[in-house]
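So this one's protein.txt, compact mmCIF, C-alpha atoms:
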```txt
# COMPACT_ATOMS: atom_id res chain seq x y z
CA MET K 1 70.81 21.84 -105.44
CA SER K 2 74.26 20.35 -105.06
CA ASN K 3 74.95 23.09 -102.50
CA LEU K 4 72.02 21.91 -100.38
CA LEU K 5 73.07 18.25 -100.52
CA SER K 6 76.63 19.10 -99.55
CA ASN K 7 75.47 20.70 -96.27
CA PRO K 8 75.64 17.87 -93.65
CA ILE K 9 73.34 19.62 -91.16
CA LEU K 10 70.62 19.97 -93.74
CA ILE K 11 70.94 16.30 -94.71
CA ILE K 12 70.62 15.27 -91.05
CA VAL K 13 67.51 17.47 -90.65
CA VAL K 14 65.89 16.06 -93.83
CA VAL K 15 66.71 12.47 -92.84
CA GLY K 16 65.36 13.19 -89.35
CA ILE K 17 62.10 14.60 -90.73
CA ILE K 18 61.71 11.63 -93.08
CA SER K 19 62.37 9.25 -90.16
CA ILE K 20 59.82 10.99 -87.95
CA LEU K 21 57.20 10.94 -90.73
CA THR K 22 57.89 7.24 -91.40
CA PHE K 23 57.63 6.44 -87.69
CA LEU K 24 54.35 8.39 -87.39
CA TYR K 25 52.95 6.64 -90.45
CA PHE K 26 53.65 3.16 -89.08
CA PHE K 27 52.58 4.13 -85.56
CA THR K 28 49.21 5.50 -86.72
CA ARG K 29 48.75 2.54 -89.05
CA LYS K 30 49.31 0.12 -86.18
CA SER K 31 46.97 2.22 -84.07
CA ASP K 32 44.25 1.95 -86.77
CA GLN K 33 44.62 -1.85 -86.75
CA GLN K 34 44.35 -1.90 -82.97
CA THR K 35 41.31 0.39 -83.15
CA GLU K 36 39.72 -1.98 -85.67
CA LYS K 37 40.38 -4.92 -83.35
CA LEU K 38 38.96 -2.95 -80.40
CA ASP K 39 35.86 -2.07 -82.45
CA LYS K 40 35.31 -5.76 -83.24
CA PHE K 41 35.87 -6.63 -79.58
CA ASP K 42 33.43 -3.92 -78.44
CA GLU K 43 30.86 -5.15 -80.95
CA LEU K 44 31.25 -8.74 -79.72
CA TYR K 45 31.08 -7.58 -76.08
CA LYS K 46 27.85 -5.64 -76.73
CA LYS K 47 26.29 -8.60 -78.51
CA ILE K 48 27.17 -11.03 -75.72
CA SER K 49 26.00 -8.64 -73.00
CA GLU K 50 22.63 -8.18 -74.78
CA GLU K 51 22.21 -11.95 -75.02
CA ILE K 52 23.02 -12.32 -71.32
CA LYS K 53 20.57 -9.54 -70.41
CA TYR K 54 17.84 -11.28 -72.41
CA ALA K 55 18.65 -14.67 -70.86
CA VAL K 56 18.53 -13.45 -67.27
CA ALA K 57 15.75 -10.89 -67.70
CA PRO K 58 12.68 -11.68 -65.63
CA LYS K 59 9.98 -13.36 -67.65
CA SER K 60 7.31 -11.24 -66.02
CA LEU K 61 6.93 -7.50 -65.99
CA ASN K 62 7.19 -5.11 -63.09
CA LEU K 63 3.94 -3.22 -63.25
CA SER K 64 3.08 0.28 -62.23
CA SER K 65 0.19 0.58 -59.80
CA SER K 66 -2.24 1.70 -62.53
CA VAL K 67 -1.39 -1.29 -64.75
CA SER K 68 -1.61 -3.58 -61.74
CA GLU K 69 -5.12 -2.27 -61.12
CA LEU K 70 -6.01 -2.98 -64.76
CA VAL K 71 -4.75 -6.55 -64.30
CA ASP K 72 -7.04 -6.90 -61.27
CA LEU K 73 -9.88 -5.42 -63.33
CA ALA K 74 -9.22 -7.99 -66.06
CA THR K 75 -9.49 -10.81 -63.51
CA GLU K 76 -12.77 -9.40 -62.20
CA VAL K 77 -14.18 -9.00 -65.73
CA TRP K 78 -13.37 -12.68 -66.31
CA ARG K 79 -15.14 -13.62 -63.06
CA ILE K 80 -18.22 -11.61 -64.02
CA GLU K 81 -18.25 -13.33 -67.41
CA GLN K 82 -18.05 -16.77 -65.71
CA ARG K 83 -20.86 -15.94 -63.30
CA LEU K 84 -22.98 -14.52 -66.09
CA SER K 85 -22.60 -17.69 -68.15
CA LYS K 86 -23.85 -19.76 -65.19
CA VAL K 87 -27.04 -17.71 -64.72
CA ALA K 88 -27.65 -16.59 -68.32
CA ASP K 89 -30.48 -19.08 -68.82
CA THR K 90 -32.45 -17.67 -65.88
CA LEU K 91 -32.24 -14.01 -67.01
CA PRO K 92 -34.63 -12.30 -69.41
CA GLU K 93 -33.03 -11.92 -72.82
CA THR K 94 -32.79 -8.10 -72.64
CA GLN K 95 -30.99 -8.21 -69.30
CA ARG K 96 -28.69 -10.99 -70.44
CA LYS K 97 -27.74 -9.11 -73.63
CA GLY K 98 -27.21 -5.89 -71.68
CA LEU K 99 -24.85 -7.62 -69.27
CA GLU K 100 -23.02 -9.41 -72.09
CA ASN K 101 -22.55 -6.07 -73.90
CA SER K 102 -21.14 -4.51 -70.72
CA VAL K 103 -18.66 -7.36 -70.33
CA LEU K 104 -17.61 -6.97 -73.98
CA LYS K 105 -17.03 -3.22 -73.46
CA PHE K 106 -14.85 -3.97 -70.42
CA LYS K 107 -12.87 -6.53 -72.42
CA ARG K 108 -12.33 -4.03 -75.27
CA TYR K 109 -11.17 -1.42 -72.76
CA ILE K 110 -8.71 -3.88 -71.26
CA SER K 111 -7.42 -4.98 -74.66
CA ASN K 112 -6.62 -1.33 -75.51
CA TYR K 113 -3.87 -1.64 -72.89
CA ASP K 114 -2.51 -4.88 -74.45
CA ILE K 115 -3.95 -6.94 -71.62
CA GLU K 116 -5.08 -10.44 -72.53
CA ILE K 117 -7.21 -12.84 -70.45
CA ILE K 118 -6.60 -16.55 -71.07
CA ASP K 119 -8.98 -19.24 -69.79
CA TYR K 120 -7.75 -22.85 -70.12
CA THR K 121 -11.00 -24.68 -69.27
CA ASN K 122 -11.44 -27.89 -71.35
CA GLN K 123 -8.02 -27.49 -73.01
CA LYS K 124 -5.39 -30.21 -73.08
CA PHE K 125 -2.89 -29.78 -70.28
CA ASN K 126 0.71 -29.21 -71.30
CA ASP K 127 3.58 -29.17 -68.80
CA GLY K 128 5.06 -26.24 -70.74
CA LEU K 129 2.15 -24.00 -69.84
CA ASN K 130 2.81 -21.56 -67.04
CA LEU K 131 -0.04 -22.68 -64.75
CA ASP K 132 -0.54 -23.28 -61.04
CA VAL K 133 -2.29 -26.62 -60.54
CA LEU K 134 -4.46 -26.33 -57.42
CA SER K 135 -5.69 -29.92 -57.48
CA VAL K 136 -5.77 -33.02 -59.65
CA GLU K 137 -8.91 -35.08 -60.07
CA LYS K 138 -8.63 -38.63 -61.37
CA ASP K 139 -10.82 -39.96 -64.16
CA PRO K 140 -9.86 -43.29 -65.81
CA ALA K 141 -11.93 -42.41 -68.91
CA ILE K 142 -9.60 -39.51 -69.75
CA THR K 143 -6.72 -40.36 -72.13
CA THR K 144 -4.86 -37.04 -71.95
CA PRO K 145 -4.71 -34.64 -69.02
CA THR K 146 -7.23 -31.83 -69.45
CA VAL K 147 -7.93 -28.60 -67.59
CA LYS K 148 -11.24 -29.27 -65.86
CA GLU K 149 -11.70 -25.76 -64.54
CA THR K 150 -9.87 -22.45 -64.58
CA VAL K 151 -10.18 -20.96 -61.10
CA GLU K 152 -8.29 -17.80 -62.13
CA PRO K 153 -7.17 -16.95 -65.68
CA THR K 154 -3.72 -16.14 -66.95
CA ILE K 155 -3.30 -12.41 -67.45
CA MET K 156 -0.77 -11.22 -70.01
CA VAL K 157 0.40 -7.66 -70.57
CA LYS K 158 2.17 -6.95 -73.86
CA GLY K 159 2.77 -10.66 -74.38
CA GLN K 160 4.31 -11.24 -70.94
CA VAL K 161 2.65 -13.31 -68.22
CA VAL K 162 1.94 -11.10 -65.21
CA LYS K 163 -0.46 -13.44 -63.43
CA LYS K 164 -0.44 -17.23 -63.79
CA ALA K 165 -3.66 -19.17 -64.11
CA LYS K 166 -4.87 -21.36 -61.30
CA ILE K 167 -6.51 -24.53 -62.52
CA ILE K 168 -8.04 -27.85 -61.53
CA LEU K 169 -6.57 -30.67 -63.61
CA LEU K 170 -8.40 -33.76 -64.78
CA SER K 171 -6.06 -36.71 -65.27
CA ASN K 172 -6.21 -40.52 -65.66
```
Structure encoded using structure tokens:
Amino acid sequence: MSNLLSNPILIIVVVGIISILTFLYFFTRKSDQQTEKLDKFDELYKKISEEIKYAVAPKSLNLSSSVSELVDLATEVWRIEQRLSKVADTLPETQRKGLENSVLKFKRYISNYDIEIIDYTNQKFNDGLNLDVLSVEKDPAITTPTVKETVEPTIMVKGQVVKKAKIILLSN
């Protein structure tokens, strides 16, 4: 052992190897800390970019042609239901019930595609609602603005408005 320690070349080689190993240890350790910081930065970047995507995402959906046709069908089913309610008293009961059942079947079919029809007639008007006001009729007896008539309903697909309602507003 003393023979090995007395050899200066061997001591230089051993010291060199120890120095290289020490350097590599500290270099990789620093690299791990940088990697950890980069991982935290990447995580923060992903979180912020997702929040920005959500904030600027369109609030309505782009629809395929088949879904767009279902939205049009939903509007027509609503119109048929409105017309049926106006003439229901003049129809024989069997015809009225048959038509009402057909409308209900159409509505069930539409709801299978997560399509919802919303009619605002006789509901309190709220500025937060996503509605197109076609006209405003004045009535001093009214205390709060109310939807007098829904001309076209709101159509929602999977919870997103794809067609805004058109209404006539009754206000004081």
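Checking K:Ile167, K:Leu131, K:Val151, K:Val71 one by one against Ser111 of chain K, counting all atoms listed in the file, you find the shortest gap at K:Val71.
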Please report the interatomic distance between atom CA of Leu129 of chain K and atom CA of Lys166 of chain K in Å with one decimal.
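Taking atom CA of Leu129 of chain K and atom CA of Lys166 of chain K, their separation equals 11.4 Å.
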Mind listing whatever residues come within 12 Å of the point (-19.0, -10.2, -68.6)? Use only C-alpha atoms, file coordinates, and give them as a PyMOL selection string.
chain K and resi 73-88+96-108
Which value, in Å to one decimal, gives the distance between atom CA of Ile115 of chain K and atom CA of Ile155 of chain K?
6.9 Å
Excluding segment 142-145 of chain K and residues on its chain fewer than 3 positions from it, collect all residues at most 9 Å away from it, counting only C-alpha atoms, and give them as an NGL selection string.
:K and (123-126 or 138-139 or 169-172)
Choose the residue, out of K:Glu43, K:Glu137, K:Asp89, K:Glu149, that has the smallest atom-to-atom separation from Asp119 of chain K; count all atoms listed in the file.
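Closest candidate: K:Glu149.
Minimum atom-to-atom distances from K:Met156, K:Ile12, K:Ala165, K:Leu91 to Ser68 of chain K were compared using only C-alpha atoms, and the lowest value belongs to K:Met156.
The coordinates place atom CA of Val147 of chain K at 11.6 Å from atom CA of Asp127 of chain K.
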Counting all atoms listed in the file, the residue among K:Asp39, K:Glu69, K:Glu152, K:Glu116 that lies closest to Asp132 of chain K is K:Glu152
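With all atoms listed in the file as the atoms that count, the minimum distance from Ile117 of chain K to the choices K:Ile17, K:Asp42, K:Thr150, K:Ser66 is reached by K:Thr150.
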